[in-house]
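Chemist: Take this structure, written in structure tokens, and hold onto it; I'll ask about it next.
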Amino acid sequence: MSSLALLGIAAGGIALLLVMIIRWQVHAFVAMMVVSLLVAFATGMPIADIISTIVSGMGGTLGSVAILVALGAMLGRMIEVSGGAASLANRFTDLLGPRRVPMALTAAALVLSIPVFFDVGFISLVPIVYGFCKAAGVNPIKFGLPVAGIMLAVHVVVPPHPGIVGGAAIAGADVGWITLLGLAICIPLAVLSQYVAAWLNRKGYPMLPATAEQFAAFGNNNSSSSAEGAAPQGRRTPGVGTVLALILVPLALIMAGTTGATLLPKGDALRNVLGFIGAPLFALLVAVGMAMWLLGRNQGWNRERTNAIMESALPPAATVILVTGAGGVFAKVLTASGIGAALSQSLAATQLPLILLAFVIALALRAAQGSATVAILTTCGLLAEAITGGGFGTVQVALLVIAIGFGGLGLSHVNDSGFWIVTRYLGLSVGDGLRTWTVLTTVLGLAGFALTALLWVLVA
């Protein structure tokens, strides 16, 4: 089959995927599986190979993704339930002072969002944002908008979040390098989020009546979460050192493994040891074990309570895992059918930088169907052949996937569930949400890509 025909089938498949998700409201997992089957048939893939290709794509992706997402969800859930968010927010506020509360909350959000999914993390911080805003006499958007911005930025480019982990598996990128580089880029983005949000808030936005009523009632009737950081069920919150240790220890282990792989020769005994302890799977398992002991003891949880909290993290994670696996299936079909090779050749003929094309494709898919995870996975599937066959180094491959992640950050609007979470809790109308949240995510996505492109030039 000609390259033009293969590319036409790919375009038709993506168009059908968008229609199924947006117009027909089909679940992303089902939509991606159906489109994968139809693309396989349309490209003339032998019928005997289709099912094995699908199974291979699912298994190859979930081999690493399922474990990381599940462990990350458990760790985040224990931090959330224990009141760790309040500890971080209060400590950063103490360090930076009451005049810098928005900056303190944004810094706390940056750290907290590493192990916690965006929607869960933001909702967990909302009571704290409300508490500080009531004390300062300001609208929740003043403090909440930059918090949401940096949390979403971390969500799209820092493991163990599902889109970037699944994208790394599809493109064969090193998760350790993605973690280091993604975090390094997100730190200046936290500062940018603060300043852009302040500029967007230079004029006031009226709160929706329902949110205004909720905000006015906040703090009454002994609310369980407040700016003072009362722990759930009367328990004292864990110390900030404990929370930071749970987040930073796995990052330190991953950094050790990446450093060993970079500096030490293959076969070196120390490199092998560092590679083992620095594997994201092992690092997160250590963190979960630490959380079971440190948070459980602090909160007075018995074994049954600890297990119940950990299990409560799995139902939401299961859907994410399935969608990520379906992305792997789509990527495998694109590769096995020859579409990936055809697209790779066509992209090479344009002579445009692959990193720019990766960002633009992900941004377009994000705007079209709303889900950052689906945008990242689909883009990585489309470009997997070009990435793996391009002769790029380890750091370059990581940067390509990060660029795709930042493409999934921008243009959050009404087809994105995150848009509704942020606007609902901050009391923004749809129009005001487009003027603030959509603009902020797009600016952060463009800035993140610019920094990624700069690193690309430096390592090229």
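Please note that chains go A, B, ... in the order of the structure tokens, that every chain numbers its residues from 1, and that ligands are numbered from 1 in the order shown.
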I'd like the neighbourhood of stretch 441-444 of chain A as a list in words, where a residue qualifies if any of its atoms comes within 8 Å (using only C-alpha atoms), though same-chain residues fewer than 3 positions away should be ignored.
Modeler: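 Here the qualifying residues turn out to be Gly149, Ala153, Leu189, Leu192, Ser193, Leu409, Gly410, Leu411, Ser412, Trp437, Thr438, Ala447 and Gly448 of chain A.
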Chemist: For those residues, write N, CA, C and O atoms to a file as a tab-separated table (two decimals), in the first residue's frame.
Modeler:
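And here is the file that came out, selection_8.tsv:
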chain	number	residue	atom	x	y	z
A	149	GLY	N	-2.59	25.76	37.57
A	149	GLY	CA	-1.72	25.79	36.40
A	149	GLY	C	-0.49	24.94	36.56
A	149	GLY	O	-0.16	24.12	35.69
A	153	ALA	N	0.75	21.30	34.76
A	153	ALA	CA	2.04	21.21	34.06
A	153	ALA	C	2.83	20.00	34.54
A	153	ALA	O	3.41	19.26	33.74
A	189	LEU	N	8.38	27.21	35.41
A	189	LEU	CA	6.98	27.34	35.03
A	189	LEU	C	6.10	27.69	36.25
A	189	LEU	O	5.08	28.36	36.09
A	192	LEU	N	6.36	31.33	36.50
A	192	LEU	CA	5.59	31.92	35.40
A	192	LEU	C	4.09	31.81	35.67
A	192	LEU	O	3.33	32.75	35.39
A	193	SER	N	3.64	30.68	36.19
A	193	SER	CA	2.23	30.50	36.50
A	193	SER	C	1.75	31.56	37.47
A	193	SER	O	0.64	32.11	37.34
A	409	LEU	N	-0.61	20.05	27.35
A	409	LEU	CA	-0.94	20.99	28.43
A	409	LEU	C	-1.82	22.14	27.94
A	409	LEU	O	-2.75	22.56	28.63
A	410	GLY	N	-1.56	22.66	26.77
A	410	GLY	CA	-2.21	23.89	26.31
A	410	GLY	C	-3.65	23.70	25.86
A	410	GLY	O	-4.14	22.58	25.68
A	411	LEU	N	-4.33	24.83	25.71
A	411	LEU	CA	-5.67	24.88	25.12
A	411	LEU	C	-6.70	24.03	25.87
A	411	LEU	O	-7.57	23.41	25.26
A	412	SER	N	-6.63	24.01	27.18
A	412	SER	CA	-7.67	23.35	27.97
A	412	SER	C	-8.94	24.19	27.87
A	412	SER	O	-8.96	25.36	28.23
A	437	TRP	N	-8.25	30.36	32.59
A	437	TRP	CA	-7.66	29.01	32.64
A	437	TRP	C	-7.13	28.57	31.27
A	437	TRP	O	-6.01	28.05	31.18
A	438	THR	N	-7.89	28.78	30.22
A	438	THR	CA	-7.44	28.38	28.88
A	438	THR	C	-6.19	29.15	28.49
A	438	THR	O	-5.23	28.58	27.94
A	447	ALA	N	5.50	27.99	26.93
A	447	ALA	CA	6.74	28.25	27.65
A	447	ALA	C	7.49	26.95	27.96
A	447	ALA	O	8.72	26.88	27.84
A	448	GLY	N	6.73	25.92	28.34
A	448	GLY	CA	7.37	24.62	28.59
A	448	GLY	C	8.03	24.07	27.35
A	448	GLY	O	9.14	23.54	27.40
Chemist: What's the 9 Å shell around stretch 78-80 of chain A, counting only C-alpha atoms, without same-chain residues fewer than 5 positions away, as a PyMOL selection string?
Modeler: chain A and resi 73+85+112+115-116+120-121+124+238+243+246+288+291-292+295-296+306+309-310+313
Chemist: Between A:Ser3, A:Asp432, A:Ala109, A:Ile402, which is the closest to A:Pro206 once you count only C-alpha atoms?
Modeler: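 Closest candidate: A:Asp432.
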Chemist: For A:Thr106, list every protein, DNA or RNA residue within 8 Å, evaluated using only C-alpha atoms, and leave out those in the same chain fewer than 6 positions away; present the list as a VMD selection string.
Modeler: chain A and resid 146 to 147 150 190 194
Chemist: Excluding A:Ala367 and its own-chain neighbours fewer than 3 positions away, which residues fall within 12 Å of it when counting only C-alpha atoms? Please give them as a list of chain:residue names.
Modeler: A:Leu18, A:Ile22, A:Val360, A:Ile361, A:Ala362, A:Leu363, A:Ala364, A:Gly370, A:Ser371, A:Ala372, A:Val374, A:Ala375, A:Ile376, A:Gly407, A:Gly408, A:Leu409, A:Gly410, A:Leu411, A:Ser412, A:His413, A:Val414, A:Asn415, A:Asp416, A:Phe419, A:Thr438, A:Thr441, A:Thr442
Chemist: Tell me, as a list in words, which residues lie within 12 Å of A:Gly393, counting only C-alpha atoms; anything in the same chain fewer than 5 positions away does not count.
Modeler: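 What passes the distance filter is Gly172, Ala173, Asp174, Trp177, Thr262, Ile387, Thr388, Ala398, Leu399, Leu400, Trp456, Val459 and Ala460 of chain A.
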Chemist: Go ahead and write the residues just picked, all heavy atoms, as a short mmCIF file (atom, residue, chain, number, x, y, z; two decimals), in the first residue's frame.
Modeler:
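Output saved as selection.cif:
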data_model
loop_
_atom_site.label_atom_id
_atom_site.label_comp_id
_atom_site.auth_asym_id
_atom_site.auth_seq_id
_atom_site.Cartn_x
_atom_site.Cartn_y
_atom_site.Cartn_z
N GLY A 172 9.93 4.53 23.80
CA GLY A 172 11.19 3.96 24.27
C GLY A 172 12.06 4.97 24.97
O GLY A 172 13.30 4.90 24.91
N ALA A 173 11.44 5.92 25.68
CA ALA A 173 12.20 6.97 26.38
C ALA A 173 12.55 6.53 27.80
O ALA A 173 11.85 5.71 28.40
CB ALA A 173 11.38 8.26 26.41
N ASP A 174 13.62 7.10 28.33
CA ASP A 174 14.07 6.79 29.67
C ASP A 174 13.26 7.60 30.68
O ASP A 174 13.29 8.83 30.67
CB ASP A 174 15.56 7.12 29.81
CG ASP A 174 16.12 6.73 31.17
OD1 ASP A 174 15.99 7.54 32.11
OD2 ASP A 174 16.69 5.63 31.29
N TRP A 177 15.31 10.15 32.93
CA TRP A 177 15.64 11.42 32.29
C TRP A 177 14.41 12.30 32.14
O TRP A 177 14.48 13.54 32.31
CB TRP A 177 16.29 11.19 30.93
CG TRP A 177 17.77 11.02 30.99
CD1 TRP A 177 18.49 9.88 30.70
CD2 TRP A 177 18.73 12.01 31.37
NE1 TRP A 177 19.83 10.11 30.89
CE2 TRP A 177 20.01 11.40 31.30
CE3 TRP A 177 18.65 13.34 31.78
CZ2 TRP A 177 21.19 12.09 31.60
CZ3 TRP A 177 19.81 14.03 32.10
CH2 TRP A 177 21.06 13.41 32.01
N THR A 262 24.48 7.08 33.19
CA THR A 262 25.13 8.08 32.36
C THR A 262 26.65 8.08 32.53
O THR A 262 27.40 8.21 31.56
CB THR A 262 24.58 9.49 32.70
OG1 THR A 262 23.17 9.50 32.53
CG2 THR A 262 25.21 10.55 31.80
N ILE A 387 10.71 8.56 16.06
CA ILE A 387 11.56 8.76 17.24
C ILE A 387 12.56 7.63 17.38
O ILE A 387 13.77 7.86 17.55
CB ILE A 387 10.69 8.88 18.50
CG1 ILE A 387 9.84 10.16 18.44
CG2 ILE A 387 11.56 8.88 19.76
CD1 ILE A 387 8.84 10.29 19.57
N THR A 388 12.07 6.38 17.33
CA THR A 388 12.97 5.25 17.54
C THR A 388 13.94 5.03 16.38
O THR A 388 15.03 4.51 16.57
CB THR A 388 12.16 3.96 17.77
OG1 THR A 388 11.30 3.74 16.64
CG2 THR A 388 11.31 4.07 19.02
N ALA A 398 14.03 11.67 25.44
CA ALA A 398 13.28 12.15 26.60
C ALA A 398 12.70 13.53 26.34
O ALA A 398 11.54 13.81 26.68
CB ALA A 398 14.18 12.18 27.83
N LEU A 399 13.47 14.41 25.71
CA LEU A 399 12.99 15.75 25.41
C LEU A 399 11.86 15.74 24.38
O LEU A 399 10.93 16.55 24.46
CB LEU A 399 14.14 16.62 24.90
CG LEU A 399 15.19 17.02 25.95
CD1 LEU A 399 16.38 17.71 25.29
CD2 LEU A 399 14.56 17.95 27.00
N LEU A 400 11.92 14.83 23.42
CA LEU A 400 10.83 14.71 22.45
C LEU A 400 9.52 14.34 23.14
O LEU A 400 8.46 14.90 22.84
CB LEU A 400 11.18 13.67 21.39
CG LEU A 400 12.19 14.08 20.32
CD1 LEU A 400 12.65 12.88 19.51
CD2 LEU A 400 11.58 15.14 19.40
N TRP A 456 16.96 21.05 23.92
CA TRP A 456 17.21 20.25 22.71
C TRP A 456 18.39 20.81 21.93
O TRP A 456 19.27 20.07 21.46
CB TRP A 456 15.94 20.23 21.85
CG TRP A 456 16.07 19.56 20.52
CD1 TRP A 456 16.47 20.13 19.35
CD2 TRP A 456 15.83 18.18 20.22
NE1 TRP A 456 16.45 19.21 18.34
CE2 TRP A 456 16.08 18.00 18.84
CE3 TRP A 456 15.42 17.09 20.97
CZ2 TRP A 456 15.93 16.78 18.21
CZ3 TRP A 456 15.26 15.87 20.35
CH2 TRP A 456 15.51 15.72 18.99
N VAL A 459 21.73 20.04 23.76
CA VAL A 459 22.23 18.66 23.78
C VAL A 459 22.42 18.09 22.38
O VAL A 459 22.97 16.99 22.22
CB VAL A 459 21.28 17.74 24.58
CG1 VAL A 459 21.12 18.24 25.98
CG2 VAL A 459 19.93 17.60 23.88
N ALA A 460 21.95 18.82 21.36
CA ALA A 460 22.03 18.31 19.98
C ALA A 460 23.49 18.19 19.53
O ALA A 460 24.33 18.99 19.92
CB ALA A 460 21.26 19.21 19.04
#
Chemist: As an MDAnalysis selection string, please: all residues of stretch 219-375 of chain A that backbone DSSP puts in helix (DSSP H, G or I).
Modeler: chainID A and resid 232:234 240:263 269:277 280:299 303:312 314:336 339:350 354:369 372:375
Chemist: Using only C-alpha atoms, which protein or nucleic acid residues come within 8 Å of A:Val126? Drop anything in the same chain fewer than 3 positions from it, and give the result as a list of chain:residue names.
Modeler: A:Phe122, A:Ile123, A:Val129, A:Tyr130, A:Gly144, A:Tyr425
Chemist: Would you export the selected residues with N, CA, C and O atoms as a CSV table (one decimal), in the first residue's frame, please?
Modeler:
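Result saved to out26.csv:
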chain,number,residue,atom,x,y,z
A,122,PHE,N,-5.8,18.9,43.0
A,122,PHE,CA,-6.4,20.2,43.0
A,122,PHE,C,-7.6,20.3,44.0
A,122,PHE,O,-7.7,21.2,44.8
A,123,ILE,N,-8.4,19.2,43.9
A,123,ILE,CA,-9.6,19.2,44.8
A,123,ILE,C,-9.1,19.1,46.3
A,123,ILE,O,-9.7,19.7,47.2
A,129,VAL,N,-6.9,26.5,49.8
A,129,VAL,CA,-7.0,27.8,49.0
A,129,VAL,C,-8.1,28.6,49.6
A,129,VAL,O,-8.0,29.8,49.8
A,130,TYR,N,-9.3,28.0,49.8
A,130,TYR,CA,-10.4,28.7,50.4
A,130,TYR,C,-10.1,29.4,51.7
A,130,TYR,O,-10.4,30.5,52.0
A,144,GLY,N,-6.0,30.3,43.6
A,144,GLY,CA,-6.3,29.0,43.1
A,144,GLY,C,-5.8,28.8,41.6
A,144,GLY,O,-5.4,27.7,41.2
A,425,TYR,N,-14.7,25.0,41.0
A,425,TYR,CA,-14.2,25.3,42.4
A,425,TYR,C,-13.8,26.8,42.5
A,425,TYR,O,-13.8,27.3,43.6
